[in-house]
$ cat data18.txt   # compact mmCIF, C-alpha atoms
# COMPACT_ATOMS: atom_id res chain seq x y z
CA MET A 216 23.64 60.79 -39.81
CA HIS A 217 26.53 61.73 -41.98
CA GLU A 218 26.49 62.37 -45.73
CA SER A 219 26.36 58.72 -46.76
CA GLY A 220 23.01 58.42 -45.00
CA THR A 221 24.09 55.83 -42.46
CA ALA A 222 23.51 56.06 -38.78
CA SER A 223 27.08 55.17 -37.82
CA GLU A 224 27.59 58.45 -36.01
CA ALA A 225 25.43 59.11 -32.99
CA GLY A 226 23.20 62.15 -33.17
CA PRO A 227 22.18 64.28 -30.20
CA ASN A 228 19.24 62.02 -29.30
CA ASP A 229 21.00 58.70 -29.94
CA SER A 230 22.16 56.43 -27.18
CA SER A 231 25.79 55.52 -27.23
CA GLY A 232 27.86 52.39 -26.93
CA ALA A 233 26.07 49.30 -25.68
CA ASP A 234 22.61 50.85 -26.07
CA ARG A 235 22.95 50.68 -29.88
CA GLU A 236 22.77 46.90 -29.69
CA PHE A 237 19.53 47.09 -27.71
CA LEU A 238 18.06 49.58 -30.17
CA ALA A 239 18.99 47.27 -33.03
CA LEU A 240 17.43 44.35 -31.14
CA GLU A 241 14.23 46.32 -30.58
CA ARG A 242 14.03 47.25 -34.26
CA GLU A 243 14.63 43.70 -35.49
CA LEU A 244 12.21 42.17 -32.97
CA SER A 245 9.53 44.68 -34.00
CA VAL A 246 9.84 43.65 -37.64
CA PHE A 247 10.00 39.98 -36.71
CA LEU A 248 6.92 40.18 -34.47
CA ARG A 249 4.90 42.08 -37.06
CA ARG A 250 5.69 39.42 -39.64
CA ALA A 251 5.04 36.61 -37.15
CA ARG A 252 1.58 38.01 -36.33
CA ALA A 253 0.71 38.17 -40.02
CA SER A 254 2.03 34.65 -40.53
CA SER A 255 0.06 33.31 -37.55
CA GLY A 256 -3.08 34.83 -39.01
CA GLU A 257 -2.47 33.07 -42.31
CA MET A 258 -1.81 29.76 -40.60
CA ALA A 259 -4.82 30.09 -38.35
CA ARG A 260 -7.01 30.55 -41.43
CA GLU A 261 -5.38 27.50 -43.00
CA VAL A 262 -6.34 25.40 -39.96
CA HIS A 263 -9.88 26.77 -40.11
CA PRO A 264 -11.23 29.90 -41.86
CA ASP A 265 -12.90 31.10 -38.63
CA LEU A 266 -9.88 30.57 -36.35
CA GLU A 267 -8.50 33.68 -34.64
CA PRO A 268 -4.76 34.29 -35.21
CA ALA A 269 -4.01 34.21 -31.47
CA ALA A 270 -5.61 30.79 -31.17
CA TYR A 271 -2.99 29.19 -33.43
CA GLY A 272 -0.48 29.41 -30.58
CA LEU A 273 -2.87 27.47 -28.37
CA LEU A 274 -2.90 24.64 -30.88
CA VAL A 275 0.90 24.69 -30.95
CA ARG A 276 1.08 24.48 -27.16
CA LEU A 277 -1.53 21.72 -26.84
CA GLU A 278 0.17 19.66 -29.57
CA GLU A 279 3.53 20.08 -27.89
CA ALA A 280 2.61 19.77 -24.19
CA GLY A 281 -0.52 17.64 -24.35
CA GLN A 282 -3.68 18.24 -22.38
CA GLN A 283 -3.63 21.09 -19.89
CA ARG A 284 -5.91 23.10 -17.67
CA ALA A 285 -7.11 26.42 -19.03
CA THR A 286 -5.39 28.16 -16.12
CA GLU A 287 -2.06 26.61 -17.12
CA LEU A 288 -2.54 27.79 -20.70
CA ALA A 289 -3.46 31.29 -19.54
CA SER A 290 -0.36 31.43 -17.35
CA TYR A 291 1.88 30.13 -20.14
CA PHE A 292 0.67 32.79 -22.58
CA GLY A 293 0.44 35.55 -19.99
CA VAL A 294 -3.26 36.26 -20.55
CA GLY A 295 -6.22 36.41 -18.23
CA LYS A 296 -8.63 33.57 -17.55
CA ALA A 297 -11.45 35.36 -19.38
CA THR A 298 -9.36 35.75 -22.54
CA MET A 299 -8.29 32.13 -22.41
CA SER A 300 -11.84 30.95 -21.79
CA ARG A 301 -13.10 32.88 -24.82
CA GLN A 302 -10.36 31.50 -27.09
CA LEU A 303 -10.93 27.93 -25.90
CA ARG A 304 -14.69 28.25 -26.37
CA ALA A 305 -14.10 29.34 -29.97
CA LEU A 306 -11.77 26.36 -30.54
CA GLU A 307 -14.37 24.02 -29.05
CA GLU A 308 -17.08 25.41 -31.32
CA LEU A 309 -14.83 24.73 -34.32
CA GLY A 310 -14.31 21.13 -33.14
CA LEU A 311 -10.55 21.59 -32.67
CA VAL A 312 -10.36 21.07 -28.88
CA THR A 313 -12.41 19.35 -26.23
CA ARG A 314 -12.56 19.56 -22.46
CA GLU A 315 -12.60 16.54 -20.15
CA PRO A 316 -12.81 16.33 -16.37
CA ASP A 317 -9.43 16.46 -14.66
CA PRO A 318 -9.02 13.16 -12.77
CA ALA A 319 -6.89 14.96 -10.17
CA ASP A 320 -9.60 17.57 -9.48
CA GLY A 321 -13.19 16.96 -10.57
CA ARG A 322 -13.95 20.69 -10.46
CA ALA A 323 -11.39 21.42 -13.18
CA SER A 324 -11.17 20.26 -16.76
CA LEU A 325 -8.33 19.43 -19.09
CA VAL A 326 -8.21 20.83 -22.61
CA ARG A 327 -6.87 18.66 -25.42
CA LEU A 328 -6.84 18.66 -29.20
CA THR A 329 -9.50 16.60 -30.92
CA GLN A 330 -8.45 14.25 -33.70
CA GLU A 331 -9.74 16.85 -36.16
CA GLY A 332 -7.64 19.49 -34.40
CA VAL A 333 -4.53 17.31 -34.54
CA THR A 334 -5.00 16.53 -38.22
CA ARG A 335 -5.63 20.13 -39.27
CA PHE A 336 -2.86 21.52 -37.07
CA ARG A 337 -0.20 19.05 -38.22
CA HIS A 338 -1.00 19.70 -41.87
CA VAL A 339 -0.45 23.44 -41.40
CA ARG A 340 2.56 22.97 -39.11
CA ASP A 341 4.28 20.75 -41.65
CA ALA A 342 3.65 23.32 -44.40
CA ARG A 343 5.07 26.03 -42.11
CA ARG A 344 8.16 23.95 -41.43
CA ASP A 345 8.67 23.57 -45.19
CA ARG A 346 8.48 27.38 -45.54
CA TYR A 347 11.12 27.78 -42.83
CA ARG A 348 13.35 25.28 -44.59
CA SER A 349 12.94 27.22 -47.83
CA LYS A 350 13.59 30.65 -46.27
CA LEU A 351 16.60 29.39 -44.33
CA ALA A 352 18.00 27.14 -47.08
CA GLY A 353 21.28 29.05 -47.11
CA TRP A 354 21.77 28.74 -43.37
CA ASP A 355 23.93 26.12 -41.75
CA ARG A 356 21.91 23.79 -39.46
CA ARG A 357 24.05 24.97 -36.53
CA GLU A 358 22.96 28.55 -37.19
CA VAL A 359 19.31 27.47 -37.18
CA ALA A 360 19.90 25.58 -33.92
CA GLU A 361 21.63 28.64 -32.42
CA LEU A 362 18.75 30.90 -33.40
CA ALA A 363 16.29 28.47 -31.82
CA ARG A 364 18.42 28.30 -28.67
CA LEU A 365 18.63 32.08 -28.36
CA LEU A 366 14.89 32.53 -28.94
CA HIS A 367 14.20 29.86 -26.32
CA GLN A 368 16.49 31.68 -23.88
CA LEU A 369 14.67 34.95 -24.57
CA ASN A 370 11.27 33.31 -24.09
CA ALA A 371 12.35 31.53 -20.91
CA ARG A 372 13.58 34.78 -19.38
CA ALA A 373 10.34 36.52 -20.34
CA GLU A 374 8.41 33.88 -18.35
CA GLY A 375 10.40 34.54 -15.18

$ encode --input "data18.txt" --output "structure tokens"
Amino acid sequence: MHESGTASEAGPNDSSGADREFLALERELSVFLRRARASSGEMAREVHPDLEPAAYGLLVRLEEAGQQRATELASYFGVGKATMSRQLRALEELGLVTREPDPADGRASLVRLTQEGVTRFRHVRDARRDRYRSKLAGWDRREVAELARLLHQLNARAEG
């Protein structure tokens, strides 16, 4: 750092050139993810006081994609079957999801949101969307769309 206190000049342990962009990306993603985890915890509690923060994402996926096998959900989120089973069991106990036999394979079941789960989830999702609108009020809609596109691209590449 030079006298002004900025990091514009590389120190002996700093990466140079193109690596600066990746360091900046890592820093910004770390802050974003920390805030997102806190936000998911708040929203999970708004859906139900006993809902685990990680389970909120399951509700998002089931609302968006419809009923799915637990193995599909585990694969989508990159977690093991045991973790997914535990999270789904907790959601079932709260009355937010139900399992039904898969007509394509009687040994498997499909997980779907209950009406109670849909109602609670949509209420919280709509409130979240209003918060996004408020926080991004100064952004052009094209910028919001570009951010969504770039995040989708990042997520899609992480899956592969």

$ closest_residue --input "data18.txt" --among "A:Asp345, A:Glu236, A:Glu267, A:Asp320" --to "Ser255 in chain A" --atoms "all atoms listed in the file"
A:Glu267

$ residues_around --input "data18.txt" --residues "range 331-335 of chain A" --least-positions-apart "4" --cutoff "10 Å" --atoms "all atoms listed in the file" --output "list in words"
Glu261, Val262, His263, Leu274, Val275, Leu277, Glu278, Leu306, Glu307, Leu309, Gly310, Leu311, Val312, Thr313, Arg327, Val339 and Arg340 of chain A

$ write_last_selection --input "data18.txt" --atoms "C-alpha atoms" --output "CSV table (one decimal), keeping the file's coordinate frame"
chain,number,residue,atom,x,y,z
A,261,GLU,CA,-5.4,27.5,-43.0
A,262,VAL,CA,-6.3,25.4,-40.0
A,263,HIS,CA,-9.9,26.8,-40.1
A,274,LEU,CA,-2.9,24.6,-30.9
A,275,VAL,CA,0.9,24.7,-31.0
A,277,LEU,CA,-1.5,21.7,-26.8
A,278,GLU,CA,0.2,19.7,-29.6
A,306,LEU,CA,-11.8,26.4,-30.5
A,307,GLU,CA,-14.4,24.0,-29.0
A,309,LEU,CA,-14.8,24.7,-34.3
A,310,GLY,CA,-14.3,21.1,-33.1
A,311,LEU,CA,-10.6,21.6,-32.7
A,312,VAL,CA,-10.4,21.1,-28.9
A,313,THR,CA,-12.4,19.4,-26.2
A,327,ARG,CA,-6.9,18.7,-25.4
A,339,VAL,CA,-0.4,23.4,-41.4
A,340,ARG,CA,2.6,23.0,-39.1

$ atom_distance --input "data18.txt" --atom1 "CA of Ala280 in chain A" --atom2 "CA of Leu325 in chain A"
12.1 Å

$ closest_residue --input "data18.txt" --among "A:Leu240, A:Glu308, A:Ala373, A:Met258" --to "Arg344 in chain A" --atoms "all atoms listed in the file"
A:Met258

$ atom_distance --input "data18.txt" --atom1 "CA of Leu366 in chain A" --atom2 "CA of Gln282 in chain A"
24.3 Å

$ closest_residue --input "data18.txt" --among "A:Leu362, A:Ser245, A:Gln283, A:Arg372" --to "Pro318 in chain A" --atoms "only C-alpha atoms"
A:Gln283

$ closest_residue --input "data18.txt" --among "A:Ala297, A:Ala305, A:Leu288, A:Ala342" --to "Glu257 in chain A" --atoms "only C-alpha atoms"
A:Ala342

$ atom_distance --input "data18.txt" --atom1 "CA of Ala285 in chain A" --atom2 "CA of Ser324 in chain A"
7.7 Å

$ closest_residue --input "data18.txt" --among "A:Leu273, A:Leu328, A:Asp265, A:Leu351" --to "Ser290 in chain A" --atoms "only C-alpha atoms"
A:Leu273

$ closest_residue --input "data18.txt" --among "A:Val326, A:Ala259, A:Val359, A:Ala371" --to "Gly281 in chain A" --atoms "all atoms listed in the file"
A:Val326

$ axis_aligned_box --input "data18.txt" --around "range 322-331 of chain A" --padding-each-side "6 Å" --output "lines of an AutoDock Vina configuration file"
center_x = -10.4
center_y = 17.8
center_z = -23.3
size_x = 19.1
size_y = 19.2
size_z = 37.7

$ residues_around --input "data18.txt" --residues "Arg252 in chain A" --least-positions-apart "5" --cutoff "9 Å" --atoms "only C-alpha atoms" --output "CSV table (one decimal) with C-alpha atoms, keeping the file's coordinate frame"
chain,number,residue,atom,x,y,z
A,247,PHE,CA,10.0,40.0,-36.7
A,257,GLU,CA,-2.5,33.1,-42.3
A,268,PRO,CA,-4.8,34.3,-35.2
A,269,ALA,CA,-4.0,34.2,-31.5

$ build_atoms --input "data18.txt" --residues "range 263-283 of chain A" --atoms "N, CA, C and O atoms" --output "PDB file, in the frame of the given file"
ATOM      1  N   HIS A 263      -8.434  26.605 -39.974  1.00  0.00           N
ATOM      2  CA  HIS A 263      -9.880  26.770 -40.110  1.00  0.00           C
ATOM      3  C   HIS A 263     -10.145  28.239 -40.457  1.00  0.00           C
ATOM      4  O   HIS A 263      -9.582  29.124 -39.812  1.00  0.00           O
ATOM      5  N   PRO A 264     -11.003  28.506 -41.442  1.00  0.00           N
ATOM      6  CA  PRO A 264     -11.230  29.900 -41.860  1.00  0.00           C
ATOM      7  C   PRO A 264     -11.716  30.825 -40.742  1.00  0.00           C
ATOM      8  O   PRO A 264     -11.480  32.019 -40.798  1.00  0.00           O
ATOM      9  N   ASP A 265     -12.366  30.271 -39.717  1.00  0.00           N
ATOM     10  CA  ASP A 265     -12.900  31.100 -38.630  1.00  0.00           C
ATOM     11  C   ASP A 265     -11.979  31.164 -37.405  1.00  0.00           C
ATOM     12  O   ASP A 265     -12.355  31.736 -36.384  1.00  0.00           O
ATOM     13  N   LEU A 266     -10.790  30.599 -37.492  1.00  0.00           N
ATOM     14  CA  LEU A 266      -9.880  30.570 -36.350  1.00  0.00           C
ATOM     15  C   LEU A 266      -9.184  31.910 -36.184  1.00  0.00           C
ATOM     16  O   LEU A 266      -8.628  32.457 -37.136  1.00  0.00           O
ATOM     17  N   GLU A 267      -9.196  32.436 -34.949  1.00  0.00           N
ATOM     18  CA  GLU A 267      -8.500  33.680 -34.640  1.00  0.00           C
ATOM     19  C   GLU A 267      -6.982  33.455 -34.690  1.00  0.00           C
ATOM     20  O   GLU A 267      -6.506  32.403 -34.273  1.00  0.00           O
ATOM     21  N   PRO A 268      -6.225  34.450 -35.158  1.00  0.00           N
ATOM     22  CA  PRO A 268      -4.760  34.290 -35.210  1.00  0.00           C
ATOM     23  C   PRO A 268      -4.134  33.903 -33.878  1.00  0.00           C
ATOM     24  O   PRO A 268      -3.249  33.055 -33.829  1.00  0.00           O
ATOM     25  N   ALA A 269      -4.598  34.504 -32.780  1.00  0.00           N
ATOM     26  CA  ALA A 269      -4.010  34.210 -31.470  1.00  0.00           C
ATOM     27  C   ALA A 269      -4.232  32.763 -31.050  1.00  0.00           C
ATOM     28  O   ALA A 269      -3.446  32.206 -30.286  1.00  0.00           O
ATOM     29  N   ALA A 270      -5.286  32.153 -31.558  1.00  0.00           N
ATOM     30  CA  ALA A 270      -5.610  30.790 -31.170  1.00  0.00           C
ATOM     31  C   ALA A 270      -4.649  29.764 -31.769  1.00  0.00           C
ATOM     32  O   ALA A 270      -4.531  28.653 -31.260  1.00  0.00           O
ATOM     33  N   TYR A 271      -3.944  30.129 -32.828  1.00  0.00           N
ATOM     34  CA  TYR A 271      -2.990  29.190 -33.430  1.00  0.00           C
ATOM     35  C   TYR A 271      -1.934  28.783 -32.406  1.00  0.00           C
ATOM     36  O   TYR A 271      -1.565  27.611 -32.312  1.00  0.00           O
ATOM     37  N   GLY A 272      -1.468  29.720 -31.610  1.00  0.00           N
ATOM     38  CA  GLY A 272      -0.480  29.410 -30.580  1.00  0.00           C
ATOM     39  C   GLY A 272      -0.996  28.413 -29.556  1.00  0.00           C
ATOM     40  O   GLY A 272      -0.228  27.601 -29.030  1.00  0.00           O
ATOM     41  N   LEU A 273      -2.281  28.449 -29.278  1.00  0.00           N
ATOM     42  CA  LEU A 273      -2.870  27.470 -28.370  1.00  0.00           C
ATOM     43  C   LEU A 273      -2.764  26.064 -28.944  1.00  0.00           C
ATOM     44  O   LEU A 273      -2.469  25.113 -28.229  1.00  0.00           O
ATOM     45  N   LEU A 274      -3.011  25.950 -30.238  1.00  0.00           N
ATOM     46  CA  LEU A 274      -2.900  24.640 -30.880  1.00  0.00           C
ATOM     47  C   LEU A 274      -1.455  24.141 -30.814  1.00  0.00           C
ATOM     48  O   LEU A 274      -1.214  22.962 -30.545  1.00  0.00           O
ATOM     49  N   VAL A 275      -0.512  25.049 -31.036  1.00  0.00           N
ATOM     50  CA  VAL A 275       0.900  24.690 -30.950  1.00  0.00           C
ATOM     51  C   VAL A 275       1.214  24.148 -29.548  1.00  0.00           C
ATOM     52  O   VAL A 275       1.827  23.083 -29.394  1.00  0.00           O
ATOM     53  N   ARG A 276       0.785  24.870 -28.536  1.00  0.00           N
ATOM     54  CA  ARG A 276       1.080  24.480 -27.160  1.00  0.00           C
ATOM     55  C   ARG A 276       0.426  23.143 -26.797  1.00  0.00           C
ATOM     56  O   ARG A 276       1.058  22.277 -26.180  1.00  0.00           O
ATOM     57  N   LEU A 277      -0.837  22.961 -27.169  1.00  0.00           N
ATOM     58  CA  LEU A 277      -1.530  21.720 -26.840  1.00  0.00           C
ATOM     59  C   LEU A 277      -0.913  20.527 -27.587  1.00  0.00           C
ATOM     60  O   LEU A 277      -0.827  19.429 -27.042  1.00  0.00           O
ATOM     61  N   GLU A 278      -0.473  20.734 -28.808  1.00  0.00           N
ATOM     62  CA  GLU A 278       0.170  19.660 -29.570  1.00  0.00           C
ATOM     63  C   GLU A 278       1.487  19.279 -28.923  1.00  0.00           C
ATOM     64  O   GLU A 278       1.830  18.120 -28.803  1.00  0.00           O
ATOM     65  N   GLU A 279       2.209  20.294 -28.466  1.00  0.00           N
ATOM     66  CA  GLU A 279       3.530  20.080 -27.890  1.00  0.00           C
ATOM     67  C   GLU A 279       3.466  19.524 -26.465  1.00  0.00           C
ATOM     68  O   GLU A 279       4.180  18.589 -26.121  1.00  0.00           O
ATOM     69  N   ALA A 280       2.620  20.098 -25.620  1.00  0.00           N
ATOM     70  CA  ALA A 280       2.610  19.770 -24.190  1.00  0.00           C
ATOM     71  C   ALA A 280       1.521  18.774 -23.804  1.00  0.00           C
ATOM     72  O   ALA A 280       1.536  18.256 -22.696  1.00  0.00           O
ATOM     73  N   GLY A 281       0.579  18.528 -24.687  1.00  0.00           N
ATOM     74  CA  GLY A 281      -0.520  17.640 -24.350  1.00  0.00           C
ATOM     75  C   GLY A 281      -1.606  18.376 -23.581  1.00  0.00           C
ATOM     76  O   GLY A 281      -1.591  19.607 -23.475  1.00  0.00           O
ATOM     77  N   GLN A 282      -2.536  17.621 -23.055  1.00  0.00           N
ATOM     78  CA  GLN A 282      -3.680  18.240 -22.380  1.00  0.00           C
ATOM     79  C   GLN A 282      -3.244  19.058 -21.172  1.00  0.00           C
ATOM     80  O   GLN A 282      -2.302  18.706 -20.480  1.00  0.00           O
ATOM     81  N   GLN A 283      -3.952  20.172 -20.984  1.00  0.00           N
ATOM     82  CA  GLN A 283      -3.630  21.090 -19.890  1.00  0.00           C
ATOM     83  C   GLN A 283      -4.902  21.764 -19.401  1.00  0.00           C
ATOM     84  O   GLN A 283      -5.891  21.844 -20.122  1.00  0.00           O
TER      85      GLN A 283
END
